[in-house]
Structures are given as C-alpha cells and as structure tokens.
$ cat run.cif   # mmCIF, C-alpha atoms and all ligand atoms
data_data
#
loop_
_atom_site.group_PDB
_atom_site.id
_atom_site.type_symbol
_atom_site.label_atom_id
_atom_site.label_comp_id
_atom_site.auth_asym_id
_atom_site.auth_seq_id
_atom_site.Cartn_x
_atom_site.Cartn_y
_atom_site.Cartn_z
ATOM 1 C CA MET L 1 21.846 16.489 -6.092
ATOM 2 C CA ARG L 2 19.559 17.483 -8.984
ATOM 3 C CA LEU L 3 19.223 14.578 -11.401
ATOM 4 C CA VAL L 4 18.293 16.831 -14.281
ATOM 5 C CA GLU L 5 19.369 20.453 -14.719
ATOM 6 C CA GLU L 6 16.583 22.801 -13.625
ATOM 7 C CA ALA L 7 16.274 24.526 -17.022
ATOM 8 C CA VAL L 8 15.969 21.146 -18.759
ATOM 9 C CA GLU L 9 13.380 19.974 -16.221
ATOM 10 C CA ASP L 10 11.389 23.186 -16.771
ATOM 11 C CA TYR L 11 11.579 22.677 -20.522
ATOM 12 C CA ALA L 12 10.400 19.060 -20.265
ATOM 13 C CA PHE L 13 7.512 20.260 -18.107
ATOM 14 C CA ARG L 14 6.561 22.967 -20.606
ATOM 15 C CA VAL L 15 6.464 20.634 -23.605
ATOM 16 C CA THR L 16 4.569 17.884 -21.748
ATOM 17 C CA GLN L 17 0.822 18.221 -22.241
ATOM 18 C CA GLU L 18 -1.154 19.591 -19.317
ATOM 19 C CA GLU L 19 -3.034 17.307 -16.969
ATOM 20 C CA PRO L 20 -6.801 17.928 -16.807
ATOM 21 C CA GLU L 21 -8.150 20.806 -14.726
ATOM 22 C CA ASN L 22 -9.251 18.616 -11.808
ATOM 23 C CA LEU L 23 -5.655 17.408 -11.385
ATOM 24 C CA GLN L 24 -4.297 20.953 -11.611
ATOM 25 C CA LYS L 25 -6.708 21.932 -8.835
ATOM 26 C CA LEU L 26 -5.633 18.904 -6.805
ATOM 27 C CA ILE L 27 -2.018 20.092 -7.001
ATOM 28 C CA THR L 28 -3.022 23.564 -5.766
ATOM 29 C CA GLN L 29 -5.119 22.108 -2.949
ATOM 30 C CA THR L 30 -2.348 19.717 -1.913
ATOM 31 C CA TYR L 31 0.211 22.538 -1.701
ATOM 32 C CA GLU L 32 -2.258 24.624 0.324
ATOM 33 C CA VAL L 33 -3.064 22.050 2.984
ATOM 34 C CA MET L 34 -0.488 19.257 3.088
ATOM 35 C CA ASP L 35 3.028 19.159 4.460
ATOM 36 C CA ASP L 36 5.354 17.337 2.086
ATOM 37 C CA ALA L 37 3.249 18.346 -0.946
ATOM 38 C CA LYS L 38 6.372 17.705 -3.040
ATOM 39 C CA MET L 39 5.663 13.975 -2.658
ATOM 40 C CA LEU L 40 2.963 14.345 -5.315
ATOM 41 C CA THR L 41 4.223 12.846 -8.575
ATOM 42 C CA GLY L 42 3.226 15.801 -10.774
ATOM 43 C CA ARG L 43 2.762 16.395 -14.466
ATOM 44 C CA ILE L 44 5.679 14.613 -16.142
ATOM 45 C CA GLU L 45 5.480 11.416 -14.106
ATOM 46 C CA GLY L 46 1.673 11.510 -14.049
ATOM 47 C CA ARG L 47 1.435 11.767 -17.834
ATOM 48 C CA PHE L 48 4.055 9.013 -18.094
ATOM 49 C CA LEU L 49 2.007 6.721 -15.836
ATOM 50 C CA LYS L 50 -1.132 7.415 -17.858
ATOM 51 C CA LEU L 51 0.650 6.577 -21.125
ATOM 52 C CA LEU L 52 2.009 3.303 -19.723
ATOM 53 C CA VAL L 53 -1.488 2.327 -18.581
ATOM 54 C CA GLN L 54 -2.941 3.196 -21.993
ATOM 55 C CA LEU L 55 -0.292 1.080 -23.711
ATOM 56 C CA LEU L 56 -0.525 -1.937 -21.409
ATOM 57 C CA GLN L 57 -4.262 -1.937 -20.695
ATOM 58 C CA PRO L 58 -3.997 -3.587 -17.259
ATOM 59 C CA ARG L 59 -7.113 -4.943 -15.600
ATOM 60 C CA LEU L 60 -5.810 -4.603 -12.049
ATOM 61 C CA ILE L 61 -3.423 -1.899 -10.900
ATOM 62 C CA LEU L 62 -2.030 -1.856 -7.380
ATOM 63 C CA GLU L 63 -0.703 1.411 -6.008
ATOM 64 C CA LEU L 64 1.174 1.744 -2.715
ATOM 65 C CA GLY L 65 1.007 5.327 -1.405
ATOM 66 C CA THR L 66 -2.089 7.240 -2.507
ATOM 67 C CA PHE L 67 -1.220 10.561 -0.849
ATOM 68 C CA THR L 68 -3.826 13.021 -2.230
ATOM 69 C CA GLY L 69 -4.645 10.859 -5.237
ATOM 70 C CA TYR L 70 -2.733 12.510 -8.092
ATOM 71 C CA SER L 71 -0.980 9.417 -9.454
ATOM 72 C CA ALA L 72 -4.049 7.188 -9.014
ATOM 73 C CA LEU L 73 -6.196 9.648 -10.967
ATOM 74 C CA SER L 74 -3.523 9.964 -13.650
ATOM 75 C CA MET L 75 -3.466 6.191 -14.123
ATOM 76 C CA ALA L 76 -7.275 5.985 -13.999
ATOM 77 C CA GLU L 77 -7.430 8.330 -16.999
ATOM 78 C CA GLY L 78 -5.565 5.775 -19.089
ATOM 79 C CA LEU L 79 -7.452 2.767 -17.785
ATOM 80 C CA THR L 80 -10.158 0.955 -19.748
ATOM 81 C CA GLU L 81 -13.773 0.998 -18.492
ATOM 82 C CA ASP L 82 -13.446 -2.380 -16.751
ATOM 83 C CA GLY L 83 -10.000 -1.737 -15.289
ATOM 84 C CA LYS L 84 -9.553 -1.174 -11.562
ATOM 85 C CA ILE L 85 -6.997 0.498 -9.291
ATOM 86 C CA ILE L 86 -6.543 -0.547 -5.676
ATOM 87 C CA THR L 87 -4.550 2.112 -3.841
ATOM 88 C CA CYS L 88 -3.590 2.245 -0.178
ATOM 89 C CA GLU L 89 -2.697 4.941 2.324
ATOM 90 C CA ILE L 90 -2.106 5.265 6.077
ATOM 91 C CA ASN L 91 -2.529 9.039 6.484
ATOM 92 C CA PRO L 92 -6.195 9.957 7.198
ATOM 93 C CA GLU L 93 -5.623 13.595 6.193
ATOM 94 C CA ALA L 94 -4.441 12.491 2.744
ATOM 95 C CA GLN L 95 -7.292 9.982 2.572
ATOM 96 C CA ILE L 96 -9.959 12.687 2.933
ATOM 97 C CA ILE L 97 -8.512 14.777 0.095
ATOM 98 C CA ALA L 98 -7.911 11.759 -2.151
ATOM 99 C CA GLN L 99 -11.375 10.286 -1.650
ATOM 100 C CA ALA L 100 -13.017 13.653 -2.393
ATOM 101 C CA ALA L 101 -10.894 13.960 -5.553
ATOM 102 C CA PHE L 102 -11.901 10.450 -6.653
ATOM 103 C CA ASP L 103 -15.579 11.117 -5.927
ATOM 104 C CA SER L 104 -15.599 14.271 -8.051
ATOM 105 C CA SER L 105 -13.611 12.861 -10.980
ATOM 106 C CA PRO L 106 -15.253 11.207 -14.002
ATOM 107 C CA VAL L 107 -12.683 8.386 -13.749
ATOM 108 C CA GLY L 108 -12.692 8.124 -9.936
ATOM 109 C CA TYR L 109 -15.099 5.163 -9.947
ATOM 110 C CA LYS L 110 -12.205 2.975 -11.146
ATOM 111 C CA ILE L 111 -10.259 3.607 -7.917
ATOM 112 C CA GLU L 112 -10.690 1.827 -4.596
ATOM 113 C CA LEU L 113 -8.855 3.475 -1.704
ATOM 114 C CA ARG L 114 -7.963 1.123 1.136
ATOM 115 C CA MET L 115 -6.774 2.541 4.425
ATOM 116 C CA GLY L 116 -4.041 0.584 6.159
ATOM 117 C CA PRO L 117 -0.452 -0.551 5.801
ATOM 118 C CA ALA L 118 0.572 -1.385 2.257
ATOM 119 C CA ILE L 119 1.777 -4.862 3.176
ATOM 120 C CA GLU L 120 -1.731 -5.789 4.381
ATOM 121 C CA THR L 121 -3.287 -4.538 1.149
ATOM 122 C CA ILE L 122 -0.821 -6.608 -0.890
ATOM 123 C CA ARG L 123 -1.432 -9.764 1.152
ATOM 124 C CA GLN L 124 -5.225 -9.368 0.994
ATOM 125 C CA LEU L 125 -5.246 -9.462 -2.817
ATOM 126 C CA ASP L 126 -6.848 -12.562 -4.256
ATOM 127 C CA THR L 127 -6.215 -11.821 -7.936
ATOM 128 C CA THR L 128 -3.119 -11.432 -10.087
ATOM 129 C CA ILE L 129 -1.713 -7.922 -10.523
ATOM 130 C CA ASP L 130 -1.074 -6.540 -14.017
ATOM 131 C CA LEU L 131 0.666 -3.303 -13.057
ATOM 132 C CA SER L 132 1.909 -1.851 -9.777
ATOM 133 C CA PHE L 133 3.136 1.562 -8.749
ATOM 134 C CA ILE L 134 5.234 1.473 -5.577
ATOM 135 C CA ASP L 135 5.397 4.937 -3.982
ATOM 136 C CA ALA L 136 5.101 4.465 -0.197
ATOM 137 C CA ASP L 137 7.571 4.035 2.716
ATOM 138 C CA LYS L 138 11.025 3.463 1.260
ATOM 139 C CA ASP L 139 12.338 1.147 4.000
ATOM 140 C CA SER L 140 9.879 -1.551 2.947
ATOM 141 C CA TYR L 141 10.537 -1.398 -0.799
ATOM 142 C CA PRO L 142 12.491 -4.701 -0.999
ATOM 143 C CA LEU L 143 9.649 -6.473 0.843
ATOM 144 C CA TYR L 144 6.992 -4.830 -1.356
ATOM 145 C CA TYR L 145 8.965 -5.714 -4.482
ATOM 146 C CA GLU L 146 9.158 -9.413 -3.604
ATOM 147 C CA GLU L 147 5.546 -9.689 -2.415
ATOM 148 C CA ILE L 148 4.265 -7.895 -5.512
ATOM 149 C CA LEU L 149 6.459 -9.760 -7.992
ATOM 150 C CA THR L 150 5.104 -13.129 -6.848
ATOM 151 C CA ARG L 151 1.545 -11.798 -7.359
ATOM 152 C CA THR L 152 2.238 -10.194 -10.748
ATOM 153 C CA ARG L 153 1.177 -11.976 -13.922
ATOM 154 C CA PRO L 154 3.922 -12.973 -16.384
ATOM 155 C CA GLY L 155 4.457 -9.937 -18.619
ATOM 156 C CA GLY L 156 3.146 -7.599 -15.913
ATOM 157 C CA LEU L 157 4.888 -4.369 -14.952
ATOM 158 C CA ILE L 158 6.125 -2.983 -11.638
ATOM 159 C CA ILE L 159 6.921 0.740 -11.542
ATOM 160 C CA ILE L 160 8.976 1.858 -8.548
ATOM 161 C CA ASP L 161 9.353 5.536 -7.723
ATOM 162 C CA ASN L 162 12.284 7.417 -6.125
ATOM 163 C CA THR L 163 14.828 4.720 -6.923
ATOM 164 C CA LEU L 164 17.624 7.273 -7.448
ATOM 165 C CA TRP L 165 16.658 9.155 -4.253
ATOM 166 C CA SER L 166 18.138 12.488 -5.389
ATOM 167 C CA GLY L 167 21.305 10.632 -6.392
ATOM 168 C CA GLN L 168 21.949 9.441 -2.823
ATOM 169 C CA VAL L 169 21.991 5.789 -3.935
ATOM 170 C CA LEU L 170 25.432 6.480 -5.453
ATOM 171 C CA ASN L 171 26.910 6.921 -1.993
ATOM 172 C CA PRO L 172 24.224 5.750 0.404
ATOM 173 C CA GLN L 173 24.584 7.079 3.948
ATOM 174 C CA ASP L 174 21.150 6.956 5.578
ATOM 175 C CA SER L 175 18.745 4.062 5.947
ATOM 176 C CA ASP L 176 16.438 4.939 3.031
ATOM 177 C CA SER L 177 19.360 5.499 0.639
ATOM 178 C CA LYS L 178 20.913 2.163 1.654
ATOM 179 C CA THR L 179 17.603 0.333 1.226
ATOM 180 C CA LEU L 180 16.967 1.842 -2.207
ATOM 181 C CA ALA L 181 20.530 1.096 -3.345
ATOM 182 C CA ARG L 182 20.073 -2.497 -2.127
ATOM 183 C CA LEU L 183 16.766 -2.791 -3.976
ATOM 184 C CA ASN L 184 18.363 -1.575 -7.219
ATOM 185 C CA GLU L 185 21.016 -4.317 -6.879
ATOM 186 C CA ILE L 186 18.363 -6.956 -6.092
ATOM 187 C CA ILE L 187 16.476 -5.965 -9.244
ATOM 188 C CA TYR L 188 19.666 -5.891 -11.335
ATOM 189 C CA GLU L 189 20.515 -9.474 -10.270
ATOM 190 C CA ASP L 190 16.944 -10.809 -10.567
ATOM 191 C CA THR L 191 16.648 -13.347 -13.411
ATOM 192 C CA ARG L 192 12.835 -13.362 -13.201
ATOM 193 C CA ILE L 193 12.546 -9.870 -14.640
ATOM 194 C CA GLU L 194 13.781 -7.352 -17.204
ATOM 195 C CA ASN L 195 14.345 -3.775 -16.024
ATOM 196 C CA VAL L 196 15.398 -0.286 -16.887
ATOM 197 C CA MET L 197 16.255 2.548 -14.503
ATOM 198 C CA LEU L 198 14.955 5.843 -15.787
ATOM 199 C CA THR L 199 16.417 9.171 -14.673
ATOM 200 C CA VAL L 200 12.961 10.731 -14.814
ATOM 201 C CA ARG L 201 12.110 12.892 -11.787
ATOM 202 C CA ASP L 202 13.643 11.092 -8.745
ATOM 203 C CA GLY L 203 14.430 7.868 -10.630
ATOM 204 C CA ILE L 204 11.870 5.344 -11.815
ATOM 205 C CA GLN L 205 12.517 1.604 -12.057
ATOM 206 C CA LEU L 206 10.485 -0.145 -14.739
ATOM 207 C CA VAL L 207 10.441 -3.873 -14.019
ATOM 208 C CA ARG L 208 8.741 -6.373 -16.337
ATOM 209 C CA LYS L 209 8.111 -9.889 -15.076
ATOM 210 C CA LYS L 210 9.301 -12.316 -17.751
ATOM 211 C CA SER L 211 6.621 -14.254 -19.630
HETATM 212 C C1 LIG L 301 5.317 9.800 -2.031
HETATM 213 S S1 LIG L 301 3.740 9.785 -1.293
HETATM 214 C C2 LIG L 301 2.703 9.141 -2.575
HETATM 215 C C3 LIG L 301 2.450 10.141 -3.669
HETATM 216 C C4 LIG L 301 1.327 9.763 -4.600
HETATM 217 N N1 LIG L 301 1.612 8.507 -5.297
HETATM 218 C C5 LIG L 301 1.073 10.893 -5.579
HETATM 219 O O1 LIG L 301 1.455 10.831 -6.727
HETATM 220 O O2 LIG L 301 0.508 11.904 -5.163
HETATM 221 C C6 LIG L 301 3.859 8.424 -0.191
HETATM 222 C C7 LIG L 301 2.595 8.117 0.581
HETATM 223 O O3 LIG L 301 2.724 6.816 1.144
HETATM 224 C C8 LIG L 301 2.046 6.806 2.370
HETATM 225 N N2 LIG L 301 2.560 5.689 3.170
HETATM 226 C C9 LIG L 301 3.683 5.670 3.930
HETATM 227 N N3 LIG L 301 3.838 4.469 4.498
HETATM 228 C C10 LIG L 301 2.798 3.702 4.084
HETATM 229 C C11 LIG L 301 2.404 2.362 4.334
HETATM 230 N N4 LIG L 301 3.119 1.556 5.112
HETATM 231 N N5 LIG L 301 1.276 1.915 3.732
HETATM 232 C C12 LIG L 301 0.544 2.726 2.927
HETATM 233 N N6 LIG L 301 0.873 3.999 2.646
HETATM 234 C C13 LIG L 301 1.989 4.489 3.229
HETATM 235 C C14 LIG L 301 2.331 8.182 2.964
HETATM 236 O O4 LIG L 301 1.387 8.514 3.951
HETATM 237 C C15 LIG L 301 2.294 9.072 1.727
HETATM 238 O O5 LIG L 301 1.025 9.667 1.565
#
$ encode --input "run.cif" --output "structure tokens" --more "lines below"
Ligand SMILES: C[S@@+](CC[C@H](N)C(=O)[O-])C[C@H]1O[C@@H](n2cnc3c(N)ncnc32)[C@H](O)[C@@H]1O
Amino acid sequence: MRLVEEAVEDYAFRVTQEEPENLQKLITQTYEVMDDAKMLTGRIEGRFLKLLVQLLQPRLILELGTFTGYSALSMAEGLTEDGKIITCEINPEAQIIAQAAFDSSPVGYKIELRMGPAIETIRQLDTTIDLSFIDADKDSYPLYYEEILTRTRPGGLIIIDNTLWSGQVLNPQDSDSKTLARLNEIIYEDTRIENVMLTVRDGIQLVRKKS
C-alpha cells in the first residue's frame, strides 16, 4: 500500500529543498553498491530530521541503524558545534561507506559510528539522551523504545521510523507488522510520553518524554 499518492510524493520531493551535494552523491553511491538501498531515508525525511535537530538543539543524539550514513549526516548538519551523534550498525559493508562519508563531510566529526548490536550501544551509554532516531531491526523496536525512553531526558524526543510499515500495521500478518502494530499501541497507552504518528514516508512516530 502506498501511504501517499505517487504524484503527491513527487511534488513534496520537488518543493523540499535539496540536500547538499555530498548527500546526493551518497545516495548515488548507495544505489550503485548496496542491496536494499531503499532503506536510506532520503530527502524529505532527511530534511525533516535536520529541521527537528535545529529546533531542539540536542547535545546527544542516538541513532540505531546507520546504513550508509545518510540520516546521521542529515542530523549532523542541524547539530550545534558541541553536539554529538552516536550511531550504530552491524553491517560491515555499510560501515565502510558510512565512515568514508563521515570522514569527508564537514560535519562528520560530530558522528561516532559504533559497530555492534544496537542494544549493546544503548546499554553502554553513560549519559542522558536528548534525541533518538530508531531505524534498525523492526523486531526489537519495543525493546529499543523502552530502553531508550528510560535513558531520555525529560522533554527529550524519540523519532521512530517505519511505524506504518507500508500500511501493514492496519492488518498485521507477518512478524514485523505485528511488532510495529504492538509498538504503536504501547506508545498510544504510555502515560510517560506525548506522541504523534506522522504519515510521512513509511510512517514516523514522534514521541516526547514528558517533563
Ligand atoms: C533502514 S536501515 C537504516 C537507514 C539509515 N538510517 C539511513 O537513513 O540511511 C537499517 C539499518 O539497521 C542495521 N541494523 C539491523 N539490525 C541492527 C542491529 N541489531 N543493530 C544495529 N544495526 C542494525 C541494518 O544493517 C541497516 O543498515
């Protein structure tokens, strides 16, 4: 199921400002060498993430699922000089491309790429998180949500990608769809937070921990 009509999606893309050239090249490179290049967040979501970071001015961002680094670099653009992004990945092929993209970007110094399972990266953190972007293995989303929420400062934001899963959460059949539908209900019932489900791209949950 398409969440947004193709012509409308194309229009939204056209009237959203371009990402910088290094990110455009990263998209091209990712499509040339990676399977599942469609996982990359892309212009509309990337510009959205950058704007949120600019507005909220987080000091520590945690990202689960670096892939080739597009979303991390988008957020790094919006981050203040002293802000930091910790991002994690398990695929060494993606790691090589992402690290090279960080090394050649003027904002790449703000990003630390940690190899290893996301849950280990979360549990190794010794400081409070201001903003998180969850974009890794879907079956662990409820676990990631809980572990991150307890480490998020009051007023902090958790952004969760793919929470509409091409509309499959409406009638969940497979494991990922069921898990994402369950997560959306957990968030809806959670009195510790305020949330909104956006129908942007594949569905984005914005979750603010109450102050
Ligand atoms: C949807 S992609 C991330 C896209 C990326 N945020 C972007 O905008 O380009 C998901 C990534 O999560 C990684 N991943 C899957 N399971 C993981 C885990 N347990 N820990 C860390 N990363 C994981 C995958 O290898 C994949 O590169």
$ resolve_selection --input "run.cif" --expression "the PyMOL selection byres (((chain L and resi 123-136) around 6) and not hetatm)" --output "list of chain:residue names"
L:Pro58, L:Leu60, L:Ile61, L:Leu62, L:Glu63, L:Leu64, L:Gly65, L:Glu120, L:Thr121, L:Ile122, L:Asp137, L:Arg151, L:Thr152, L:Arg153, L:Gly156, L:Leu157, L:Ile158, L:Ile159, L:Ile160, L:Asp161
$ write_last_selection --input "run.cif" --atoms "C-alpha atoms" --output "PDB file, keeping the file's coordinate frame"
ATOM      1  CA  PRO L  58      -3.997  -3.587 -17.259  1.00  0.00           C
ATOM      2  CA  LEU L  60      -5.810  -4.603 -12.049  1.00  0.00           C
ATOM      3  CA  ILE L  61      -3.423  -1.899 -10.900  1.00  0.00           C
ATOM      4  CA  LEU L  62      -2.030  -1.856  -7.380  1.00  0.00           C
ATOM      5  CA  GLU L  63      -0.703   1.411  -6.008  1.00  0.00           C
ATOM      6  CA  LEU L  64       1.174   1.744  -2.715  1.00  0.00           C
ATOM      7  CA  GLY L  65       1.007   5.327  -1.405  1.00  0.00           C
ATOM      8  CA  GLU L 120      -1.731  -5.789   4.381  1.00  0.00           C
ATOM      9  CA  THR L 121      -3.287  -4.538   1.149  1.00  0.00           C
ATOM     10  CA  ILE L 122      -0.821  -6.608  -0.890  1.00  0.00           C
ATOM     11  CA  ASP L 137       7.571   4.035   2.716  1.00  0.00           C
ATOM     12  CA  ARG L 151       1.545 -11.798  -7.359  1.00  0.00           C
ATOM     13  CA  THR L 152       2.238 -10.194 -10.748  1.00  0.00           C
ATOM     14  CA  ARG L 153       1.177 -11.976 -13.922  1.00  0.00           C
ATOM     15  CA  GLY L 156       3.146  -7.599 -15.913  1.00  0.00           C
ATOM     16  CA  LEU L 157       4.888  -4.369 -14.952  1.00  0.00           C
ATOM     17  CA  ILE L 158       6.125  -2.983 -11.638  1.00  0.00           C
ATOM     18  CA  ILE L 159       6.921   0.740 -11.542  1.00  0.00           C
ATOM     19  CA  ILE L 160       8.976   1.858  -8.548  1.00  0.00           C
ATOM     20  CA  ASP L 161       9.353   5.536  -7.723  1.00  0.00           C
TER      21      ASP L 161
END
$ closest_residue --input "run.cif" --among "L:Asn22, L:Gln168, L:Thr87, L:Thr179" --to "Ala100 of chain L" --atoms "all atoms listed in the file"
L:Asn22
$ residues_near_ligand --input "run.cif" --ligand "ligand LIG 301 (chain L)" --cutoff "9 Å" --atoms "only C-alpha atoms and all ligand atoms" --output "PyMOL selection string"
chain L and resi 27+30+36-42+45-46+63-74+87-95+98+114-121+133-138+140+161-162
$ atom_distance --input "run.cif" --atom1 "atom CA of Glu19 of chain L" --atom2 "atom CA of Ser105 of chain L"
12.9 Å
$ atom_distance --input "run.cif" --atom1 "atom CA of Leu26 of chain L" --atom2 "atom CA of Arg201 of chain L"
19.4 Å
$ closest_residue --input "run.cif" --among "L:Gln57, L:Thr80, L:Ser177, L:Thr150" --to "Lys210 of chain L" --atoms "all atoms listed in the file"
L:Thr150
$ build_atoms --input "run.cif" --residues "segment 113-134 of chain L" --atoms "N, CA, C and O atoms" --output "tab-separated table (two decimals), in the frame of the given file"
chain	number	residue	atom	x	y	z
L	113	LEU	N	-9.86	3.06	-2.69
L	113	LEU	CA	-8.86	3.48	-1.70
L	113	LEU	C	-9.01	2.65	-0.44
L	113	LEU	O	-10.07	2.63	0.18
L	114	ARG	N	-7.94	1.94	-0.09
L	114	ARG	CA	-7.96	1.12	1.14
L	114	ARG	C	-7.05	1.76	2.17
L	114	ARG	O	-5.87	2.01	1.89
L	115	MET	N	-7.59	1.99	3.35
L	115	MET	CA	-6.77	2.54	4.42
L	115	MET	C	-6.08	1.40	5.16
L	115	MET	O	-6.71	0.39	5.47
L	116	GLY	N	-4.79	1.60	5.43
L	116	GLY	CA	-4.04	0.58	6.16
L	116	GLY	C	-2.68	0.38	5.55
L	116	GLY	O	-2.40	0.86	4.44
L	117	PRO	N	-1.82	-0.32	6.27
L	117	PRO	CA	-0.45	-0.55	5.80
L	117	PRO	C	-0.43	-1.28	4.45
L	117	PRO	O	-1.20	-2.22	4.23
L	118	ALA	N	0.47	-0.84	3.61
L	118	ALA	CA	0.57	-1.38	2.26
L	118	ALA	C	0.73	-2.91	2.25
L	118	ALA	O	0.14	-3.60	1.42
L	119	ILE	N	1.51	-3.42	3.20
L	119	ILE	CA	1.78	-4.86	3.18
L	119	ILE	C	0.48	-5.66	3.37
L	119	ILE	O	0.30	-6.74	2.77
L	120	GLU	N	-0.44	-5.10	4.18
L	120	GLU	CA	-1.73	-5.79	4.38
L	120	GLU	C	-2.55	-5.77	3.09
L	120	GLU	O	-3.16	-6.77	2.72
L	121	THR	N	-2.55	-4.64	2.42
L	121	THR	CA	-3.29	-4.54	1.15
L	121	THR	C	-2.74	-5.55	0.13
L	121	THR	O	-3.50	-6.23	-0.55
L	122	ILE	N	-1.42	-5.66	0.06
L	122	ILE	CA	-0.82	-6.61	-0.89
L	122	ILE	C	-1.28	-8.03	-0.54
L	122	ILE	O	-1.73	-8.78	-1.41
L	123	ARG	N	-1.17	-8.37	0.74
L	123	ARG	CA	-1.43	-9.76	1.15
L	123	ARG	C	-2.91	-10.12	1.11
L	123	ARG	O	-3.26	-11.30	1.08
L	124	GLN	N	-3.78	-9.10	1.09
L	124	GLN	CA	-5.22	-9.37	0.99
L	124	GLN	C	-5.67	-9.61	-0.45
L	124	GLN	O	-6.81	-10.06	-0.68
L	125	LEU	N	-4.83	-9.33	-1.42
L	125	LEU	CA	-5.25	-9.46	-2.82
L	125	LEU	C	-5.50	-10.93	-3.16
L	125	LEU	O	-4.70	-11.79	-2.79
L	126	ASP	N	-6.59	-11.17	-3.86
L	126	ASP	CA	-6.85	-12.56	-4.26
L	126	ASP	C	-6.82	-12.73	-5.78
L	126	ASP	O	-7.20	-13.77	-6.30
L	127	THR	N	-6.37	-11.70	-6.48
L	127	THR	CA	-6.22	-11.82	-7.94
L	127	THR	C	-4.82	-11.39	-8.35
L	127	THR	O	-4.12	-10.72	-7.59
L	128	THR	N	-4.44	-11.76	-9.56
L	128	THR	CA	-3.12	-11.43	-10.09
L	128	THR	C	-3.06	-9.95	-10.46
L	128	THR	O	-4.02	-9.39	-10.97
L	129	ILE	N	-1.90	-9.35	-10.21
L	129	ILE	CA	-1.71	-7.92	-10.52
L	129	ILE	C	-1.13	-7.79	-11.93
L	129	ILE	O	-0.23	-8.54	-12.32
L	130	ASP	N	-1.62	-6.81	-12.67
L	130	ASP	CA	-1.07	-6.54	-14.02
L	130	ASP	C	-0.02	-5.43	-13.98
L	130	ASP	O	0.95	-5.47	-14.73
L	131	LEU	N	-0.26	-4.45	-13.13
L	131	LEU	CA	0.67	-3.30	-13.06
L	131	LEU	C	0.65	-2.76	-11.63
L	131	LEU	O	-0.42	-2.68	-11.02
L	132	SER	N	1.82	-2.43	-11.13
L	132	SER	CA	1.91	-1.85	-9.78
L	132	SER	C	2.70	-0.56	-9.83
L	132	SER	O	3.62	-0.42	-10.64
L	133	PHE	N	2.36	0.34	-8.93
L	133	PHE	CA	3.14	1.56	-8.75
L	133	PHE	C	3.49	1.65	-7.27
L	133	PHE	O	2.62	1.83	-6.42
L	134	ILE	N	4.77	1.46	-6.97
L	134	ILE	CA	5.23	1.47	-5.58
L	134	ILE	C	5.74	2.87	-5.25
L	134	ILE	O	6.73	3.34	-5.83
